file start.tsv (TSV, C-alpha atoms)
chain	number	residue	atom	x	y	z
A	1	MET	CA	29.73	6.83	18.32
A	2	ASP	CA	27.94	9.21	20.68
A	3	LEU	CA	25.89	11.52	18.45
A	4	ASN	CA	25.56	14.08	21.24
A	5	ALA	CA	29.34	14.34	21.36
A	6	VAL	CA	29.48	14.61	17.56
A	7	ARG	CA	26.84	17.36	17.64
A	8	THR	CA	28.89	19.18	20.29
A	9	VAL	CA	32.07	19.01	18.20
A	10	VAL	CA	30.23	20.47	15.21
A	11	ALA	CA	28.84	23.29	17.36
A	12	VAL	CA	32.29	24.11	18.72
A	13	ALA	CA	33.76	24.08	15.20
A	14	ASP	CA	31.00	26.38	13.92
A	15	THR	CA	31.19	28.89	16.79
A	16	GLY	CA	34.92	28.71	17.45
A	17	GLN	CA	34.39	28.84	21.20
A	18	PHE	CA	33.34	26.36	23.89
A	19	GLN	CA	31.30	29.06	25.61
A	20	LYS	CA	29.28	29.95	22.51
A	21	ALA	CA	28.74	26.27	21.71
A	22	ALA	CA	27.49	25.71	25.26
A	23	ALA	CA	24.96	28.53	24.92
A	24	GLU	CA	23.78	27.16	21.56
A	25	LEU	CA	23.33	23.65	22.96
A	26	TRP	CA	21.86	24.78	26.29
A	27	LEU	CA	24.73	23.13	28.17
A	28	THR	CA	27.35	24.28	30.60
A	29	GLN	CA	30.81	25.01	29.27
A	30	GLN	CA	32.13	22.19	31.46
A	31	ALA	CA	29.69	19.73	29.86
A	32	VAL	CA	30.83	20.78	26.38
A	33	SER	CA	34.48	20.32	27.33
A	34	LYS	CA	33.76	16.85	28.75
A	35	ARG	CA	31.90	15.74	25.61
A	36	VAL	CA	34.69	16.92	23.32
A	37	ALA	CA	37.37	15.36	25.51
A	38	ALA	CA	35.51	12.03	25.62
A	39	LEU	CA	35.20	11.92	21.84
A	40	GLU	CA	38.83	12.86	21.36
A	41	GLU	CA	39.83	10.07	23.72
A	42	SER	CA	37.70	7.50	21.90
A	43	LEU	CA	39.16	8.56	18.54
A	44	GLY	CA	42.71	8.79	19.84
A	45	VAL	CA	43.33	12.21	18.31
A	46	ARG	CA	43.01	15.88	19.19
A	47	LEU	CA	40.22	17.63	17.28
A	48	PHE	CA	40.85	21.18	18.50
A	49	THR	CA	43.77	23.40	19.35
A	50	ARG	CA	42.97	25.64	22.30
A	51	THR	CA	44.03	29.29	21.99
A	52	ALA	CA	43.48	32.42	24.04
A	53	ARG	CA	40.76	33.55	21.63
A	54	GLY	CA	38.96	30.20	21.39
A	55	VAL	CA	39.62	26.99	19.46
A	56	THR	CA	40.63	26.00	15.95
A	57	LEU	CA	40.38	22.61	14.27
A	58	THR	CA	43.47	20.46	14.08
A	59	ILE	CA	44.27	18.62	10.84
A	60	ASP	CA	42.48	15.61	12.28
A	61	GLY	CA	39.55	17.82	13.26
A	62	GLN	CA	39.33	19.19	9.73
A	63	ALA	CA	39.25	15.61	8.37
A	64	PHE	CA	36.60	14.57	10.88
A	65	LEU	CA	34.22	17.54	10.50
A	66	PRO	CA	32.54	16.65	7.14
A	67	HIS	CA	31.95	13.10	8.36
A	68	ALA	CA	30.51	14.48	11.61
A	69	ARG	CA	28.06	16.61	9.63
A	70	ALA	CA	27.11	13.58	7.52
A	71	LEU	CA	26.48	11.52	10.66
A	72	LEU	CA	24.14	14.16	12.05
A	73	ALA	CA	22.31	14.47	8.72
A	74	ALA	CA	21.86	10.70	8.57
A	75	ALA	CA	20.51	10.67	12.12
A	76	GLU	CA	17.99	13.36	11.22
A	77	ARG	CA	16.87	11.43	8.13
A	78	ALA	CA	16.45	8.30	10.23
A	79	ALA	CA	14.33	10.15	12.79
A	80	THR	CA	12.27	11.85	10.08
A	81	SER	CA	11.50	8.50	8.45
A	82	VAL	CA	9.45	7.44	11.48
A	83	ARG	CA	8.36	10.77	12.90
A	84	PRO	CA	4.54	11.03	12.93
A	85	GLY	CA	3.33	12.93	9.90
A	86	ARG	CA	6.71	12.77	8.14
A	87	ARG	CA	7.01	9.11	7.15
A	88	ALA	CA	5.32	8.13	3.88
A	89	LEU	CA	2.05	6.27	4.30
A	90	ARG	CA	2.65	2.70	3.13
A	91	VAL	CA	-0.41	1.12	1.49
A	92	ASP	CA	-0.89	-2.30	-0.09
A	93	VAL	CA	-3.09	-2.20	-3.20
A	94	VAL	CA	-3.01	-5.95	-4.09
A	95	GLY	CA	-1.88	-5.21	-7.68
A	96	ARG	CA	-1.06	-2.09	-9.64
A	97	ARG	CA	-3.67	-2.87	-12.33
A	98	VAL	CA	-6.67	-3.45	-10.10
A	99	SER	CA	-9.18	-0.95	-8.75
A	100	PRO	CA	-7.59	-0.40	-5.28
A	101	ALA	CA	-4.61	1.15	-7.06
A	102	GLY	CA	-7.06	3.51	-8.78
A	103	LEU	CA	-8.69	4.37	-5.46
A	104	LEU	CA	-5.28	5.25	-4.03
A	105	ARG	CA	-4.45	7.35	-7.11
A	106	ASP	CA	-7.69	9.27	-6.55
A	107	PHE	CA	-6.59	9.89	-2.96
A	108	HIS	CA	-3.18	11.11	-4.14
A	109	ARG	CA	-4.80	13.55	-6.57
A	110	ALA	CA	-6.94	14.89	-3.74
A	111	HIS	CA	-3.99	15.05	-1.30
A	112	PRO	CA	-0.76	15.53	-3.30
A	113	GLU	CA	0.98	16.79	-0.17
A	114	ILE	CA	0.85	13.31	1.44
A	115	ASP	CA	3.77	11.02	0.61
A	116	LEU	CA	2.75	7.49	-0.33
A	117	ASP	CA	4.70	4.26	-0.49
A	118	VAL	CA	2.70	1.82	-2.65
A	119	VAL	CA	3.31	-1.91	-2.24
A	120	THR	CA	1.68	-5.09	-3.57
A	121	LEU	CA	1.33	-8.05	-1.23
A	122	PHE	CA	0.00	-11.45	-2.23
A	123	ASP	CA	-3.10	-12.34	-0.23
A	124	ALA	CA	-5.16	-11.19	2.75
A	125	GLU	CA	-3.30	-13.28	5.30
A	126	GLN	CA	0.07	-11.86	4.21
A	127	ALA	CA	-1.39	-8.35	4.16
A	128	VAL	CA	-2.86	-8.66	7.67
A	129	ALA	CA	0.44	-10.03	8.98
A	130	ALA	CA	2.15	-6.96	7.47
A	131	LEU	CA	-0.39	-4.70	9.20
A	132	LEU	CA	0.22	-6.34	12.56
A	133	SER	CA	4.02	-6.14	12.20
A	134	GLY	CA	3.89	-2.48	11.13
A	135	ALA	CA	5.31	-3.22	7.67
A	136	VAL	CA	2.30	-1.50	6.06
A	137	ASP	CA	-0.18	1.08	7.33
A	138	ALA	CA	-3.22	-0.05	5.35
A	139	THR	CA	-4.33	-2.61	2.79
A	140	PHE	CA	-7.23	-2.97	0.37
A	141	ARG	CA	-8.73	-6.46	0.65
A	142	ALA	CA	-11.86	-8.54	0.51
A	143	VAL	CA	-12.01	-8.76	4.27
A	144	ALA	CA	-12.94	-12.39	4.74
A	145	LYS	CA	-13.28	-15.86	3.36
A	146	PRO	CA	-15.11	-18.85	4.83
A	147	GLY	CA	-13.85	-19.71	8.31
A	148	TRP	CA	-11.55	-16.67	8.56
A	149	ARG	CA	-11.92	-13.56	10.70
A	150	LEU	CA	-9.87	-10.44	11.21
A	151	PRO	CA	-7.61	-10.60	14.26
A	152	ASP	CA	-8.09	-8.25	17.19
A	153	GLY	CA	-6.52	-4.87	16.59
A	154	VAL	CA	-7.34	-4.74	12.86
A	155	GLY	CA	-10.15	-2.44	11.74
A	156	SER	CA	-11.94	-2.44	8.41
A	157	PHE	CA	-14.70	-0.75	6.48
A	158	PRO	CA	-16.06	-1.38	2.96
A	159	VAL	CA	-14.92	1.14	0.35
A	160	PHE	CA	-16.02	-0.20	-3.04
A	161	ASP	CA	-18.30	-2.95	-4.36
A	162	GLU	CA	-16.80	-3.41	-7.81
A	163	PRO	CA	-19.05	-4.82	-10.57
A	164	LEU	CA	-17.66	-7.62	-12.71
A	165	HIS	CA	-17.37	-7.63	-16.50
A	166	LEU	CA	-17.10	-10.59	-18.83
A	167	CYS	CA	-14.21	-10.24	-21.27
A	168	VAL	CA	-14.41	-12.30	-24.50
A	169	GLY	CA	-12.99	-12.28	-28.02
A	170	PRO	CA	-14.97	-11.32	-31.15
A	171	ARG	CA	-15.85	-14.95	-32.07
A	172	HIS	CA	-17.30	-15.84	-28.67
A	173	ALA	CA	-21.02	-16.69	-28.58
A	174	LEU	CA	-21.69	-13.83	-26.13
A	175	ALA	CA	-19.54	-11.23	-27.91
A	176	THR	CA	-22.48	-9.25	-29.34
A	177	ALA	CA	-24.45	-9.01	-26.10
A	178	ASP	CA	-24.89	-5.61	-24.42
A	179	THR	CA	-25.17	-7.28	-21.02
A	180	VAL	CA	-24.94	-10.87	-19.78
A	181	THR	CA	-26.62	-12.47	-16.78
A	182	PRO	CA	-24.50	-14.63	-14.50
A	183	ALA	CA	-26.88	-17.53	-15.31
A	184	GLN	CA	-25.81	-17.31	-18.98
A	185	LEU	CA	-22.27	-18.21	-17.89
A	186	ALA	CA	-23.34	-21.71	-16.76
A	187	GLY	CA	-20.97	-24.19	-18.42
A	188	GLN	CA	-18.83	-21.38	-19.92
A	189	ARG	CA	-15.06	-21.69	-19.50
A	190	ILE	CA	-13.68	-18.73	-17.54
A	191	TRP	CA	-9.90	-18.77	-17.60
A	192	MET	CA	-8.22	-17.23	-14.52
A	193	PRO	CA	-4.67	-18.65	-14.17
A	194	GLY	CA	-3.84	-16.22	-11.35
A	195	ASN	CA	-6.67	-17.56	-9.19
A	196	ALA	CA	-4.34	-19.10	-6.59
A	197	PRO	CA	-5.65	-21.55	-3.97
A	198	GLY	CA	-6.06	-20.18	-0.46
A	199	THR	CA	-6.49	-16.54	-1.52
A	200	GLU	CA	-9.52	-14.39	-0.81
A	201	TRP	CA	-10.17	-13.90	-4.52
A	202	ARG	CA	-10.12	-17.69	-5.12
A	203	ALA	CA	-12.74	-18.03	-2.37
A	204	TYR	CA	-14.84	-15.36	-4.09
A	205	TYR	CA	-14.74	-16.97	-7.54
A	206	ASP	CA	-15.32	-20.44	-6.10
A	207	ALA	CA	-18.52	-19.07	-4.53
A	208	PHE	CA	-19.45	-17.40	-7.84
A	209	ALA	CA	-18.98	-20.67	-9.73
A	210	ALA	CA	-21.07	-22.56	-7.17
A	211	ALA	CA	-23.88	-20.00	-7.48
A	212	PHE	CA	-24.03	-19.63	-11.28
A	213	GLY	CA	-22.26	-22.62	-12.81
A	214	PRO	CA	-19.34	-21.27	-14.90
A	215	VAL	CA	-16.22	-23.41	-15.10
A	216	ILE	CA	-13.42	-21.41	-13.46
A	217	ASP	CA	-10.26	-22.75	-15.14
A	218	THR	CA	-7.04	-22.01	-13.23
A	219	ILE	CA	-4.83	-24.44	-15.19
A	220	GLY	CA	-1.62	-23.20	-16.76
A	221	PRO	CA	1.17	-20.83	-15.75
A	222	ASP	CA	0.25	-17.22	-15.11
A	223	PHE	CA	2.20	-15.25	-17.71
A	224	GLY	CA	0.39	-12.01	-16.86
A	225	ILE	CA	-2.65	-10.14	-18.12
A	226	GLU	CA	-1.25	-9.56	-21.63
A	227	ALA	CA	-0.89	-13.30	-22.27
A	228	LEU	CA	-4.35	-13.92	-20.81
A	229	LEU	CA	-5.94	-11.36	-23.13
A	230	ASP	CA	-4.04	-12.75	-26.13
A	231	ALA	CA	-5.55	-16.19	-25.44
A	232	VAL	CA	-9.07	-14.82	-24.89
A	233	ALA	CA	-8.93	-12.80	-28.12
A	234	ASP	CA	-8.05	-15.89	-30.18
A	235	SER	CA	-10.64	-18.23	-28.63
A	236	PRO	CA	-14.34	-18.70	-29.57
A	237	THR	CA	-15.06	-20.37	-26.21
A	238	LEU	CA	-12.73	-18.79	-23.66
A	239	GLY	CA	-13.56	-15.81	-21.48
A	240	THR	CA	-12.32	-14.18	-18.30
A	241	LEU	CA	-13.75	-11.92	-15.61
A	242	LEU	CA	-12.46	-8.41	-14.91
A	243	GLY	CA	-13.34	-5.73	-12.42
A	244	GLU	CA	-15.19	-2.75	-13.88
A	245	ARG	CA	-12.36	-0.38	-12.92
A	246	THR	CA	-9.48	-2.61	-14.02
A	247	PRO	CA	-7.59	-0.40	-16.50
A	248	LEU	CA	-6.42	-2.43	-19.49
A	249	VAL	CA	-5.12	-1.64	-22.97
A	250	TRP	CA	-4.90	-4.24	-25.74
A	251	PRO	CA	-4.10	-4.19	-29.47
A	252	ALA	CA	-6.98	-3.03	-31.67
A	253	SER	CA	-6.70	-6.27	-33.63
A	254	HIS	CA	-7.84	-8.23	-30.55
A	255	GLU	CA	-11.36	-6.73	-30.81
A	256	LEU	CA	-12.03	-7.78	-27.23
A	257	ARG	CA	-15.42	-7.12	-25.65
A	258	ARG	CA	-16.00	-6.06	-22.03
A	259	ILE	CA	-19.60	-6.93	-21.19
A	260	PRO	CA	-21.27	-5.90	-17.90
A	261	LEU	CA	-22.93	-8.66	-15.87
A	262	ARG	CA	-26.48	-7.88	-14.76
A	263	ASP	CA	-29.50	-9.45	-13.00
A	264	PRO	CA	-27.91	-9.79	-10.53
A	265	THR	CA	-24.70	-7.78	-10.78
A	266	PRO	CA	-21.86	-9.70	-9.11
A	267	VAL	CA	-19.64	-7.31	-7.15
A	268	TYR	CA	-16.25	-7.84	-5.59
A	269	PRO	CA	-16.20	-6.30	-2.09
A	270	HIS	CA	-13.10	-4.16	-1.54
A	271	SER	CA	-12.46	-2.98	2.03
A	272	LEU	CA	-9.73	-0.93	3.68
A	273	LEU	CA	-7.94	-2.63	6.58
A	274	TRP	CA	-5.64	-0.95	9.10
A	275	ARG	CA	-4.23	-1.50	12.57
A	276	THR	CA	-6.42	0.32	15.06
A	277	ASP	CA	-3.51	1.69	17.12
A	278	ASN	CA	-1.75	3.19	14.08
A	279	ALA	CA	-1.49	6.95	14.73
A	280	HIS	CA	-0.15	8.01	11.31
A	281	PRO	CA	-2.14	11.20	10.54
A	282	ALA	CA	-2.30	10.41	6.81
A	283	LEU	CA	-4.13	7.18	7.61
A	284	GLY	CA	-7.01	9.20	8.99
A	285	ALA	CA	-7.02	11.33	5.85
A	286	LEU	CA	-7.16	8.21	3.66
A	287	ARG	CA	-10.04	6.74	5.64
A	288	HIS	CA	-11.91	10.04	5.55
A	289	HIS	CA	-11.41	10.34	1.77
A	290	LEU	CA	-12.62	6.80	1.11
A	291	GLY	CA	-15.57	7.20	3.45
A	292	LEU	CA	-16.75	10.35	1.68
A	293	GLY	CA	-16.13	9.07	-1.82
A	294	ARG	CA	-17.31	5.48	-1.47
A	295	PRO	CA	-19.16	4.42	-4.64
A	296	GLY	CA	-22.61	2.99	-4.05
A	297	SER	CA	-23.48	-0.59	-4.85
A	298	PRO	CA	-24.61	-0.78	-8.48
A	299	GLY	CA	-27.70	-2.82	-7.72
A	300	GLY	CA	-28.90	-0.63	-4.88
A	301	PRO	CA	-30.83	-1.89	-1.86
A	302	ASP	CA	-33.34	-3.86	-3.95
A	303	GLY	CA	-31.19	-7.00	-4.00
A	304	GLY	CA	-29.91	-6.54	-7.56
A	305	ILE	CA	-26.34	-7.40	-6.63
A	306	TRP	CA	-24.62	-10.64	-5.72
A	307	THR	CA	-21.65	-11.26	-3.46
A	308	PRO	CA	-20.83	-14.34	-1.37
A	309	GLU	CA	-22.74	-14.79	1.87
A	310	TRP	CA	-19.52	-14.66	3.88
A	311	ALA	CA	-18.64	-11.30	2.27
A	312	ARG	CA	-22.06	-9.87	3.13
A	313	ARG	CA	-21.61	-11.08	6.69
A	314	HIS	CA	-18.38	-9.10	6.97
A	315	GLY	CA	-19.56	-6.09	4.99
A	316	ALA	CA	-20.33	-3.85	7.97
A	317	PRO	CA	-17.54	-1.63	9.28
A	318	VAL	CA	-15.51	-3.01	12.16
A	319	ARG	CA	-15.54	-0.48	14.97
A	320	GLU	CA	-12.29	0.40	16.64
A	321	ALA	CA	-11.83	-0.43	20.30
call {"tool": "encode", "arguments": {"input": "start.tsv", "output": "structure tokens"}}
result
Amino acid sequence: MDLNAVRTVVAVADTGQFQKAAAELWLTQQAVSKRVAALEESLGVRLFTRTARGVTLTIDGQAFLPHARALLAAAERAATSVRPGRRALRVDVVGRRVSPAGLLRDFHRAHPEIDLDVVTLFDAEQAVAALLSGAVDATFRAVAKPGWRLPDGVGSFPVFDEPLHLCVGPRHALATADTVTPAQLAGQRIWMPGNAPGTEWRAYYDAFAAAFGPVIDTIGPDFGIEALLDAVADSPTLGTLLGERTPLVWPASHELRRIPLRDPTPVYPHSLLWRTDNAHPALGALRHHLGLGRPGSPGGPDGGIWTPEWARRHGAPVREA
């Protein structure tokens, strides 16, 4: 159905005259008459009765008018959904319980006027494909893994090097330590059932295991973080690794310990990725916010942090073309 013709019918109904409708729509009276006549012909009914003083709606016109208004409202909503500055900014945060979600919440608190659509995609390759297709505007990711590079048209910059914590139950040998060195984890069983092959986080923890010697155990179904923490709390030998800003709550009876890793501090390198030709104005605001508020690396420039060599290689911002 021709929305211009529908809009013309509504204008004629509201003004009661073809001439007034023409002035409102910046059309000639003849153009208004042709649009109305064409719509009437396509519908097979008369929408108006012509009188000496103007026009009135026929019974069919009265039935059609509310639907015509609904059509125009739907068209406006459709246009608004993609109009620059009006569509919600869609951002992938990997998971709702990891630190990128917290970074995006901080942005929302700073800019409550910006509408956000928060999604969780699986891995970096799926997230980058979503960027390139326009399904998302931005994603928080570790930007690389061995042998992989960002495609042309995708920009990135580092936003947060997140320190890792060891999480163990009260009977674990390291439970009373204030801090633990990565070297002390050699031979320790670190259970991470969500550490899926082919993902950027699997590549990170494989590199961590190769550097410091813990046994990263991915066996068993992933029943979620609650089941993982239940198992860790009951075990004298089992531990897991968590990001410093991962918000978790567990029963007091678990008596779990979160112990910072130091000397060196292993950090997980979060970056923001976006498509460089994306003109959404809120994307610029997000990048600006993250650039100003980027937390410093906990070990500083003296080499007190650890991250895989491939992550350091990709740590510099990617400049836009």
call {"tool": "axis_aligned_box", "arguments": {"input": "start.tsv", "around": "region 240-244 of chain A", "padding_each_side": "8 Å", "output": "AutoDock Vina command-line options"}}
result
--center_x -13.8 --center_y -8.5 --center_z -15.4 --size_x 18.9 --size_y 27.4 --size_z 21.9
call {"tool": "residues_around", "arguments": {"input": "start.tsv", "residues": "Leu286 (chain A)", "least_positions_apart": "6", "cutoff": "12 Å", "atoms": "all atoms listed in the file", "output": "list in words"}}
result
Leu89, Arg90, Val91, Leu103, Leu104, Arg105, Asp106, Phe107, His108, Arg109, Ala110, His111, Pro112, Ile114, Asp115, Leu116, Asp137, Ala138, Thr139, Phe140, Val159, Leu272, Leu273, Trp274, His280, Leu292, Gly293 and Arg294 of chain A
call {"tool": "residues_near_point", "arguments": {"input": "start.tsv", "point": "(-2.6, -2.9, -4.1)", "cutoff": "9 Å", "atoms": "only C-alpha atoms", "output": "count of residues only"}}
result
19
call {"tool": "atom_distance", "arguments": {"input": "start.tsv", "atom1": "CA of His270 (chain A)", "atom2": "CA of Ala142 (chain A)"}}
result
5.0 Å
call {"tool": "residues_around", "arguments": {"input": "start.tsv", "residues": "region 181-191 of chain A", "least_positions_apart": "5", "cutoff": "8 Å", "atoms": "all atoms listed in the file", "output": "ChimeraX atom specification"}}
result
/A:212-219,237-241,261-266
call {"tool": "residues_around", "arguments": {"input": "start.tsv", "residues": "region 173-177 of chain A", "least_positions_apart": "4", "cutoff": "7 Å", "atoms": "only C-alpha atoms", "output": "VMD selection string"}}
result
chain A and resid 168 to 169 257
call {"tool": "write_last_selection", "arguments": {"input": "start.tsv", "atoms": "C-alpha atoms", "output": "JSON list (two decimals), in the frame of the given file"}}
result
[["chain", "number", "residue", "atom", "x", "y", "z"],
["A", 168, "VAL", "CA", -14.41, -12.30, -24.50],
["A", 169, "GLY", "CA", -12.99, -12.28, -28.02],
["A", 257, "ARG", "CA", -15.42, -7.12, -25.65]]
call {"tool": "atom_distance", "arguments": {"input": "start.tsv", "atom1": "CA of Gly134 (chain A)", "atom2": "CA of Gly102 (chain A)"}}
result
23.5 Å
call {"tool": "atom_distance", "arguments": {"input": "start.tsv", "atom1": "CA of Thr80 (chain A)", "atom2": "CA of Arg287 (chain A)"}}
result
23.3 Å
call {"tool": "closest_residue", "arguments": {"input": "start.tsv", "among": "A:Met192, A:Leu132, A:Val45, A:Val267", "to": "Gln62 (chain A)", "atoms": "all atoms listed in the file"}}
result
A:Val45
